[in-house]
$ cat input08.txt   # compact mmCIF, C-alpha atoms
# COMPACT_ATOMS: atom_id res chain seq x y z
CA MET K 582 132.65 139.90 83.25
CA LEU K 583 131.83 137.29 85.89
CA LEU K 584 128.14 137.46 85.00
CA GLY K 585 128.91 137.14 81.30
CA GLY K 586 131.22 134.20 81.92
CA GLY K 587 128.61 132.46 84.06
CA LEU K 588 125.96 132.93 81.39
CA ALA K 589 128.30 131.57 78.72
CA ILE K 590 129.05 128.47 80.79
CA SER K 591 125.35 127.90 81.52
CA LEU K 592 124.44 128.30 77.85
CA THR K 593 127.20 125.93 76.75
CA TYR K 594 126.03 123.31 79.24
CA TYR K 595 122.39 123.75 78.21
CA LEU K 596 123.07 123.44 74.47
CA PHE K 597 125.81 120.82 74.35
CA PHE K 598 125.98 118.86 77.60
CA LYS K 599 122.51 118.71 79.17
CA PRO K 600 121.35 115.14 78.40
CA PHE K 601 117.67 115.93 77.77
CA GLU K 602 115.43 118.62 76.33
CA TYR K 603 112.20 118.21 78.28
CA GLU K 604 111.27 116.97 81.74
CA ILE K 605 108.10 115.74 83.45
CA LYS K 606 107.68 115.02 87.16
CA PHE K 607 104.89 113.46 89.19
CA LYS K 608 104.31 111.47 92.38
CA ALA K 609 102.94 107.93 92.46
CA ALA K 610 101.41 106.14 95.43
CA THR K 611 103.46 102.97 95.02
CA VAL K 612 107.02 101.63 95.13
CA SER K 613 109.51 101.97 92.27
CA GLY K 614 109.51 98.24 91.45
CA ASP K 615 105.77 98.38 90.79
CA LEU K 616 106.28 101.41 88.54
CA ILE K 617 108.95 99.62 86.53
CA GLU K 618 106.74 96.57 85.98
CA THR K 619 103.78 98.81 85.03
CA ILE K 620 105.99 100.54 82.44
CA ARG K 621 107.02 97.14 81.09
CA ILE K 622 103.39 96.09 80.64
CA TRP K 623 102.43 99.46 79.09
CA ASN K 624 105.47 99.32 76.78
CA ARG K 625 104.05 96.18 75.17
CA SER K 626 100.91 98.08 74.13
CA LEU K 627 102.92 100.67 72.16
CA ASP K 628 103.54 100.17 68.45
CA SER K 629 107.22 101.12 68.36
CA ALA K 630 108.76 101.08 71.82
CA LYS K 631 111.33 99.07 73.72
CA ILE K 632 112.90 98.95 77.15
CA ILE K 633 116.60 99.66 76.66
CA GLU K 634 117.84 99.18 80.21
CA VAL K 635 116.68 98.84 83.80
CA ASP K 636 119.10 99.90 86.53
CA SER K 637 117.97 98.32 89.79
CA PHE K 638 115.01 100.21 91.28
CA TYR K 639 116.26 103.67 90.41
CA ARG K 640 116.18 104.08 86.65
CA LEU K 641 114.64 102.77 83.43
CA THR K 642 115.55 103.84 79.88
CA GLN K 643 112.94 103.47 77.15
CA SER K 644 112.83 104.21 73.42
CA ILE K 645 109.50 105.40 71.96
CA VAL K 646 108.74 106.21 68.31
CA ARG K 647 105.77 108.51 67.77
CA LYS K 648 104.79 110.05 64.41
CA LYS K 649 108.21 109.06 63.00
CA ARG K 650 109.99 110.88 65.83
CA GLU K 651 112.25 108.75 68.02
CA TYR K 652 112.46 109.72 71.69
CA VAL K 653 114.46 108.44 74.63
CA TYR K 654 112.56 108.42 77.93
CA ASP K 655 114.94 108.27 80.88
CA TRP K 656 112.83 107.43 83.94
CA HIS K 657 114.24 108.15 87.41
CA PHE K 658 112.60 106.98 90.64
CA SER K 659 113.20 108.25 94.18
CA SER K 660 111.28 107.16 97.26
CA VAL K 661 109.59 109.76 99.42
CA ASN K 662 108.43 107.12 101.93
CA ASP K 663 107.21 103.51 101.96
CA SER K 664 104.21 104.29 99.77
CA VAL K 665 105.13 107.30 97.59
CA THR K 666 107.69 107.57 94.76
CA VAL K 667 108.72 110.66 92.81
CA VAL K 668 108.93 109.92 89.08
CA ASN K 669 111.19 112.15 86.97
CA ILE K 670 111.09 111.55 83.19
CA GLN K 671 113.92 113.18 81.24
CA ILE K 672 113.03 113.16 77.55
CA SER K 673 115.34 113.64 74.59
CA GLU K 674 115.08 113.41 70.81
CA PRO K 675 118.61 112.41 69.70
CA ASN K 676 118.21 113.53 66.08
CA ARG K 677 116.92 116.99 67.04
CA SER K 678 118.52 117.60 70.40
CA LEU K 679 120.28 120.90 69.58
CA ILE K 680 117.43 122.43 67.60
CA ASN K 681 114.94 121.44 70.33
CA LYS K 682 117.07 123.20 72.94
CA ILE K 683 117.23 126.33 70.81
CA LEU K 684 113.49 126.45 70.00
CA ILE K 685 111.81 125.18 73.20
CA PRO K 686 112.28 128.43 75.16
CA PHE K 687 110.45 130.35 72.39
CA THR K 688 108.01 127.94 70.69
CA LYS K 689 106.10 124.76 71.51
CA GLN K 690 107.86 121.81 69.91
CA PRO K 691 106.53 118.31 69.07
CA ILE K 692 108.71 116.80 71.82
CA GLU K 693 106.71 118.79 74.41
CA ILE K 694 103.30 117.92 72.94
CA ASP K 695 104.16 114.24 72.56
CA ALA K 696 105.70 114.06 76.05
CA ARG K 697 102.56 115.43 77.68
CA GLU K 698 100.28 113.10 75.73
CA ILE K 699 102.43 110.01 76.30
CA SER K 700 102.96 110.66 80.01
CA THR K 701 99.25 111.38 80.50
CA VAL K 702 98.33 108.05 78.92
CA PHE K 703 100.78 106.24 81.20
CA TYR K 704 99.58 108.10 84.28
CA GLU K 705 95.97 107.10 83.58
CA ILE K 706 97.02 103.45 83.15
CA LEU K 707 98.92 103.65 86.43
CA LYS K 708 95.90 105.13 88.23
CA GLU K 709 93.65 102.31 86.97
CA HIS K 710 96.23 99.73 88.06
CA LEU K 711 96.49 101.22 91.55
CA LYS K 712 92.71 101.52 91.80
CA ILE K 713 92.20 97.75 91.56
CA THR K 714 95.29 96.57 93.49
CA SER K 715 96.16 96.61 97.16
CA VAL K 716 98.88 95.13 99.33
CA LYS K 717 98.57 94.70 103.07
CA ILE K 718 101.76 93.71 104.92
CA LEU K 719 100.92 91.25 107.70
CA GLY K 720 104.35 90.88 109.33
CA LYS K 721 106.34 87.76 110.16
CA THR K 722 104.98 84.22 110.27
CA GLU K 723 105.94 80.64 109.46
CA LEU K 724 104.92 79.03 106.19
CA ASP K 725 103.87 75.41 106.67
CA SER K 726 105.57 72.56 104.88
CA SER K 727 103.82 71.08 101.85
CA PHE K 728 104.04 68.27 99.33
CA CYS K 729 103.31 69.36 95.76
CA VAL K 730 103.06 68.29 92.16
CA CYS K 731 104.73 70.96 90.05
CA ARG K 732 105.63 72.12 86.60
CA SER K 733 108.66 74.31 85.85
CA LEU K 734 108.27 77.49 83.82
CA ALA K 735 110.57 80.25 82.60
CA THR K 736 108.94 83.51 81.48
CA TYR K 737 109.29 87.24 81.52
CA GLN K 738 108.04 88.67 84.77
CA VAL K 739 104.98 90.23 83.12
CA ASP K 740 104.10 86.83 81.58
CA LYS K 741 104.01 84.86 84.85
CA ALA K 742 100.20 84.79 85.08
CA ASN K 743 99.85 83.78 81.42
CA GLY K 744 102.24 80.89 82.00
CA MET K 745 100.20 79.78 85.01
CA MET K 746 96.92 79.91 83.08
CA ARG K 747 98.45 77.96 80.19
CA ASP K 748 99.63 75.15 82.49
CA TYR K 749 96.68 75.20 84.90
CA PRO K 750 94.70 72.61 82.83
CA ILE K 751 97.75 70.32 82.61
CA LEU K 752 98.09 70.13 86.39
CA THR K 753 94.37 69.96 87.20
CA THR K 754 93.76 67.28 84.55
CA PHE K 755 96.65 65.21 85.93
CA ILE K 756 95.24 65.50 89.46
CA ASP K 757 91.71 64.57 88.32
CA VAL K 758 92.77 61.64 86.12
CA HIS K 759 94.88 60.07 88.85
CA LYS K 760 92.40 60.93 91.62
CA LEU K 761 94.94 62.81 93.73
CA SER K 762 93.72 64.84 96.72
CA ILE K 763 94.38 68.57 96.57
CA ALA K 764 95.62 69.91 99.91
CA GLY K 765 95.56 73.68 99.32
CA PRO K 766 95.49 76.47 96.74
CA PRO K 767 97.87 76.55 93.75
CA SER K 768 101.16 78.29 94.33
CA VAL K 769 104.13 79.80 92.54
CA ARG K 770 107.64 79.41 93.95
CA ILE K 771 110.23 81.62 92.31
CA ARG K 772 113.56 79.87 91.67
CA GLU K 773 115.38 82.60 89.71
CA TRP K 774 114.56 86.29 89.38
CA ASP K 775 116.43 88.91 87.35
CA HIS K 776 114.66 92.19 88.07
CA ASN K 777 116.77 94.21 85.62
CA LYS K 778 115.95 91.85 82.74
CA GLY K 779 112.42 91.21 83.99
CA SER K 780 112.85 87.43 83.74
CA LEU K 781 111.80 84.54 85.97
CA ALA K 782 112.16 80.81 86.45
CA PHE K 783 109.57 79.32 88.77
CA ASP K 784 107.65 76.22 89.80
CA PHE K 785 103.88 76.27 89.43
CA CYS K 786 102.59 73.83 92.03
CA PHE K 787 99.47 72.24 93.49
CA PRO K 788 99.72 70.95 97.08
CA ILE K 789 98.52 67.35 97.28
CA LYS K 790 98.32 64.67 99.94
CA PRO K 791 101.35 62.32 99.79
CA SER K 792 100.77 58.79 98.62
CA SER K 793 102.88 55.64 98.46
CA SER K 794 102.11 55.13 94.76
CA LEU K 795 102.22 58.32 92.73
CA PRO K 796 102.10 58.34 88.91
CA ILE K 797 105.21 59.49 87.06
CA VAL K 798 105.01 61.90 84.12
CA ASP K 799 108.04 63.45 82.42
CA SER K 800 106.67 67.00 82.34
CA LEU K 801 105.69 67.08 86.05
CA PHE K 802 107.58 66.45 89.27
CA TYR K 803 106.88 66.09 92.99
CA LYS K 804 108.56 68.19 95.62
CA ASN K 805 108.58 68.56 99.39
CA PHE K 806 108.78 72.14 100.64
CA LYS K 807 109.98 72.57 104.19
CA LYS K 808 108.52 74.88 106.81
CA GLU K 809 110.24 78.28 106.71
CA LYS K 810 110.19 81.72 108.33
CA VAL K 811 108.70 84.42 106.14
CA ILE K 812 107.22 87.88 106.08
CA TRP K 813 103.92 87.94 104.24
CA ALA K 814 101.31 90.13 102.63
CA GLU K 815 97.78 89.86 101.34
CA TYR K 816 97.39 91.01 97.75
CA HIS K 817 94.20 91.93 95.92
CA GLY K 818 94.16 92.63 92.19
CA ASN K 819 94.98 91.12 88.82
CA TYR K 820 97.41 88.23 89.17
CA ILE K 821 99.52 89.72 86.34
CA THR K 822 100.67 92.35 88.83
CA SER K 823 100.87 90.28 92.02
CA ASP K 824 104.63 90.90 91.93
CA ARG K 825 103.81 94.35 93.29
CA ALA K 826 103.67 92.58 96.68
CA TRP K 827 107.23 91.30 96.16
CA TYR K 828 108.53 94.85 96.04
CA GLU K 829 106.42 95.91 99.02
CA LEU K 830 107.76 92.99 101.06
CA MET K 831 111.37 93.71 100.06
CA SER K 832 110.91 97.34 101.14
CA TYR K 833 109.38 96.17 104.44
CA ALA K 834 112.26 93.74 105.02
CA ASN K 835 114.88 96.44 104.43
CA LYS K 836 113.10 98.94 106.66
CA ASN K 837 112.65 96.46 109.52
CA GLY K 838 116.09 94.85 109.46
CA TYR K 839 115.16 91.40 108.09
CA LYS K 840 117.72 89.52 106.01
CA VAL K 841 116.03 88.14 102.88
CA THR K 842 116.98 84.45 102.55
CA GLY K 843 114.91 83.34 99.54
CA LEU K 844 112.68 84.33 96.65
CA PRO K 845 108.94 85.10 96.65
CA ILE K 846 106.24 82.46 97.11
CA GLU K 847 102.62 83.09 96.10
CA TYR K 848 99.37 81.28 96.91
CA PHE K 849 96.35 82.04 94.69
CA TYR K 850 92.80 81.79 96.02
CA ASN K 851 90.66 82.67 92.99
CA ASN K 852 90.19 81.33 89.48
CA PRO K 853 90.22 84.33 87.10
CA ASN K 854 88.02 82.41 84.65
CA LEU K 855 85.05 82.49 87.05
CA GLY K 856 84.25 86.17 86.40
CA LEU K 857 85.10 87.67 89.78
CA SER K 858 86.06 91.37 89.67
CA GLN K 859 89.85 91.81 89.52
CA ASP K 860 89.98 93.87 92.70
CA MET K 861 88.53 90.84 94.52
CA TRP K 862 91.20 88.37 93.38
CA LYS K 863 93.23 87.34 96.43
CA ALA K 864 96.76 86.03 96.79
CA GLU K 865 99.01 85.54 99.78
CA VAL K 866 102.62 86.44 99.07
CA TYR K 867 105.56 85.30 101.20
CA LEU K 868 109.21 86.33 101.31
CA PRO K 869 111.62 84.03 103.21
CA VAL K 870 113.67 85.87 105.84
CA GLY K 871 116.04 85.14 108.69
CA ASP K 872 115.95 86.59 112.17
CA LYS K 873 116.76 90.23 112.75

$ encode --input "input08.txt" --output "structure tokens"
Amino acid sequence: MLLGGGLAISLTYYLFFKPFEYEIKFKAATVSGDLIETIRIWNRSLDSAKIIEVDSFYRLTQSIVRKKREYVYDWHFSSVNDSVTVVNIQISEPNRSLINKILIPFTKQPIEIDAREISTVFYEILKEHLKITSVKILGKTELDSSFCVCRSLATYQVDKANGMMRDYPILTTFIDVHKLSIAGPPSVRIREWDHNKGSLAFDFCFPIKPSSSLPIVDSLFYKNFKKEKVIWAEYHGNYITSDRAWYELMSYANKNGYKVTGLPIEYFYNNPNLGLSQDMWKAEVYLPVGDK
């Protein structure tokens, strides 16, 4: 009787309460924030897909339509260590949930075939991304003060590099026309960051030498940035995914007891239009912190 009751409870849970019908697991050699941003970029390449919700660094819910079948992909992320994350994808098909649960133990259903194909495509994209990107944490330092001419932008996180490239000619032309002296590489200073929504507001800046008579243009502004304590990293890879270093630095700060006091700052050392291989593009990424 006890065995029969246990089986009945298990079957009832499986058929009517278990929130998914199929599950895929794998390990990834990166942090969860990088995985979430890679999913966001990949999601844009799909014909009928959308990100429904992002819950901090632990979960992402995505809707995917494939061959007129609508699936919900519930991604869960758990850290093994500083460089490895376990990815658990729980997949459901809301319109066929019960019938899938009945048939899956006995026959191969489209949800299984589609899940394997979709997850394989993503995994290959992730491998290519990780192949050309690297982050090296360099510890604590002090970022020098600078005087800059800047332009404010607001974009989705995955569009940061596109916004920079769009405004790059505006800033460089202004500097050339007015014969200003560049005093360092271009930089991005994040002013607002909503990770869950994947949105940013930031200043795209060129350091210049101060002058007593600077031209005034409505779309640009000048700003002094003070010296500040930071932890920093060297990033190599496509500038679209330089925010991977943000997540690595945040993880490093939490592990080493640093209190984060500001938002990421990036300095870019290569012009992507000059044909250099993506894995050679270099950026220095800083995260303001206080003392331990």

$ atom_distance --input "input08.txt" --atom1 "CA of Lys631 (chain K)" --atom2 "CA of Leu616 (chain K)"
15.8 Å

$ residues_around --input "input08.txt" --residues "region 760-777 of chain K" --least-positions-apart "5" --cutoff "7 Å" --atoms "all atoms listed in the file" --output "number ranges by chain"
K: 635-637, 782-790, 844-850

$ residues_around --input "input08.txt" --residues "Phe802 (chain K)" --least-positions-apart "5" --cutoff "9 Å" --atoms "all atoms listed in the file" --output "list of chain:residue names"
K:Cys729, K:Val730, K:Cys731, K:Arg732, K:Ser733, K:Ile797

$ residues_around --input "input08.txt" --residues "Lys649 (chain K)" --least-positions-apart "4" --cutoff "12 Å" --atoms "only C-alpha atoms" --output "PyMOL selection string"
chain K and resi 628-630+645+674+676+691-692+695

$ residues_near_point --input "input08.txt" --point "(101.2, 100.2, 85.6)" --cutoff "7 Å" --atoms "only C-alpha atoms" --output "list in words"
Leu616, Glu618, Thr619, Ile620, Ile622, Trp623, Ile706, Leu707 and His710 of chain K

$ residues_around --input "input08.txt" --residues "Val661 (chain K)" --least-positions-apart "3" --cutoff "10 Å" --atoms "all atoms listed in the file" --output "PDB file with C-alpha atoms, in the frame of the given file"
ATOM      1  CA  LYS K 608     104.310 111.470  92.380  1.00  0.00           C
ATOM      2  CA  ALA K 609     102.940 107.930  92.460  1.00  0.00           C
ATOM      3  CA  ALA K 610     101.410 106.140  95.430  1.00  0.00           C
ATOM      4  CA  VAL K 612     107.020 101.630  95.130  1.00  0.00           C
ATOM      5  CA  PHE K 658     112.600 106.980  90.640  1.00  0.00           C
ATOM      6  CA  SER K 664     104.210 104.290  99.770  1.00  0.00           C
ATOM      7  CA  VAL K 665     105.130 107.300  97.590  1.00  0.00           C
ATOM      8  CA  THR K 666     107.690 107.570  94.760  1.00  0.00           C
ATOM      9  CA  VAL K 667     108.720 110.660  92.810  1.00  0.00           C
TER      10      VAL K 667
END

$ residues_around --input "input08.txt" --residues "Arg640 (chain K)" --least-positions-apart "2" --cutoff "10 Å" --atoms "only C-alpha atoms" --output "PyMOL selection string"
chain K and resi 613+617+634-638+642+655-659+668-670+777

$ closest_residue --input "input08.txt" --among "K:Ile812, K:Leu781, K:Ile680, K:Leu627" --to "Ala735 (chain K)" --atoms "all atoms listed in the file"
K:Leu781

$ atom_distance --input "input08.txt" --atom1 "CA of Thr754 (chain K)" --atom2 "CA of Leu734 (chain K)"
17.8 Å

$ atom_distance --input "input08.txt" --atom1 "CA of Gln643 (chain K)" --atom2 "CA of Asn835 (chain K)"
28.2 Å

$ closest_atom_pairs --input "input08.txt" --of "region 636-723 of chain K" --to "region 852-869 of chain K" --cutoff "9 Å" --atoms "all atoms listed in the file" --output "CSV"
residue,atom,partner,partner_atom,distance
K:Lys712,CA,K:Asp860,CA,8.2
K:Ile713,CA,K:Asp860,CA,4.6
K:Thr714,CA,K:Asp860,CA,6.0
K:Ser715,CA,K:Asp860,CA,8.1

$ closest_residue --input "input08.txt" --among "K:Asp872, K:Glu829, K:Asp615, K:Asp663" --to "Val841 (chain K)" --atoms "all atoms listed in the file"
K:Asp872

$ residues_near_point --input "input08.txt" --point "(97.2, 94.3, 99.5)" --cutoff "6 Å" --atoms "only C-alpha atoms" --output "list in words"
Ser715, Val716, Lys717, Glu815, Tyr816 and His817 of chain K

$ write_last_selection --input "input08.txt" --atoms "C-alpha atoms" --output "mmCIF file, in the frame of the given file"
data_model
loop_
_atom_site.group_PDB
_atom_site.id
_atom_site.type_symbol
_atom_site.label_atom_id
_atom_site.label_comp_id
_atom_site.auth_asym_id
_atom_site.auth_seq_id
_atom_site.Cartn_x
_atom_site.Cartn_y
_atom_site.Cartn_z
ATOM 1 C CA SER K 715 96.160 96.610 97.160
ATOM 2 C CA VAL K 716 98.880 95.130 99.330
ATOM 3 C CA LYS K 717 98.570 94.700 103.070
ATOM 4 C CA GLU K 815 97.780 89.860 101.340
ATOM 5 C CA TYR K 816 97.390 91.010 97.750
ATOM 6 C CA HIS K 817 94.200 91.930 95.920
#

$ closest_residue --input "input08.txt" --among "K:Lys721, K:Tyr603, K:Leu711, K:Asp824" --to "Asn681 (chain K)" --atoms "only C-alpha atoms"
K:Tyr603

$ closest_residue --input "input08.txt" --among "K:Lys808, K:Lys840, K:Arg677, K:Arg621" --to "Phe601 (chain K)" --atoms "only C-alpha atoms"
K:Arg677

$ build_atoms --input "input08.txt" --residues "region 802-828 of chain K" --atoms "N, CA and C atoms" --output "compact mmCIF listing (two decimals), keeping the file's coordinate frame"
# COMPACT_ATOMS: atom_id res chain seq x y z
N PHE K 802 106.74 67.02 88.23
CA PHE K 802 107.58 66.45 89.27
C PHE K 802 106.95 66.72 90.64
N TYR K 803 107.36 65.93 91.61
CA TYR K 803 106.88 66.09 92.99
C TYR K 803 107.98 66.73 93.82
N LYS K 804 107.56 67.53 94.79
CA LYS K 804 108.56 68.19 95.62
C LYS K 804 108.03 68.45 97.02
N ASN K 805 108.88 68.20 98.00
CA ASN K 805 108.58 68.56 99.39
C ASN K 805 109.14 69.95 99.69
N PHE K 806 108.32 70.82 100.22
CA PHE K 806 108.78 72.14 100.64
C PHE K 806 108.75 72.20 102.17
N LYS K 807 109.87 72.55 102.73
CA LYS K 807 109.98 72.57 104.19
C LYS K 807 109.32 73.82 104.79
N LYS K 808 109.02 73.73 106.06
CA LYS K 808 108.52 74.88 106.81
C LYS K 808 109.61 75.95 106.83
N GLU K 809 109.23 77.23 106.68
CA GLU K 809 110.24 78.28 106.71
C GLU K 809 109.68 79.59 107.25
N LYS K 810 110.57 80.41 107.80
CA LYS K 810 110.19 81.72 108.33
C LYS K 810 110.05 82.71 107.19
N VAL K 811 108.99 83.49 107.24
CA VAL K 811 108.70 84.42 106.14
C VAL K 811 108.08 85.70 106.70
N ILE K 812 108.13 86.75 105.90
CA ILE K 812 107.22 87.88 106.08
C ILE K 812 106.18 87.74 104.98
N TRP K 813 104.97 88.22 105.23
CA TRP K 813 103.92 87.94 104.24
C TRP K 813 102.98 89.12 104.09
N ALA K 814 102.25 89.06 102.97
CA ALA K 814 101.31 90.13 102.63
C ALA K 814 100.09 89.52 101.95
N GLU K 815 98.99 90.23 102.08
CA GLU K 815 97.78 89.86 101.34
C GLU K 815 97.64 90.81 100.16
N TYR K 816 97.50 90.23 98.99
CA TYR K 816 97.39 91.01 97.75
C TYR K 816 96.00 90.85 97.16
N HIS K 817 95.44 91.96 96.69
CA HIS K 817 94.20 91.93 95.92
C HIS K 817 94.43 92.64 94.59
N GLY K 818 93.99 92.02 93.50
CA GLY K 818 94.16 92.63 92.19
C GLY K 818 94.43 91.57 91.14
N ASN K 819 94.67 92.04 89.92
CA ASN K 819 94.98 91.12 88.82
C ASN K 819 96.26 90.36 89.12
N TYR K 820 96.24 89.05 88.87
CA TYR K 820 97.41 88.23 89.17
C TYR K 820 98.61 88.57 88.29
N ILE K 821 98.40 89.27 87.18
CA ILE K 821 99.52 89.72 86.34
C ILE K 821 100.45 90.62 87.15
N THR K 822 99.87 91.38 88.08
CA THR K 822 100.67 92.35 88.83
C THR K 822 100.83 91.96 90.30
N SER K 823 100.70 90.69 90.62
CA SER K 823 100.87 90.28 92.02
C SER K 823 102.31 90.49 92.49
N ASP K 824 103.25 90.63 91.53
CA ASP K 824 104.63 90.90 91.93
C ASP K 824 104.79 92.26 92.59
N ARG K 825 103.75 93.11 92.52
CA ARG K 825 103.81 94.35 93.29
C ARG K 825 104.07 94.05 94.77
N ALA K 826 103.48 92.96 95.27
CA ALA K 826 103.67 92.58 96.68
C ALA K 826 105.12 92.17 96.96
N TRP K 827 105.82 91.64 95.95
CA TRP K 827 107.23 91.30 96.16
C TRP K 827 108.02 92.54 96.56
N TYR K 828 107.78 93.62 95.81
CA TYR K 828 108.53 94.85 96.04
C TYR K 828 108.15 95.48 97.38
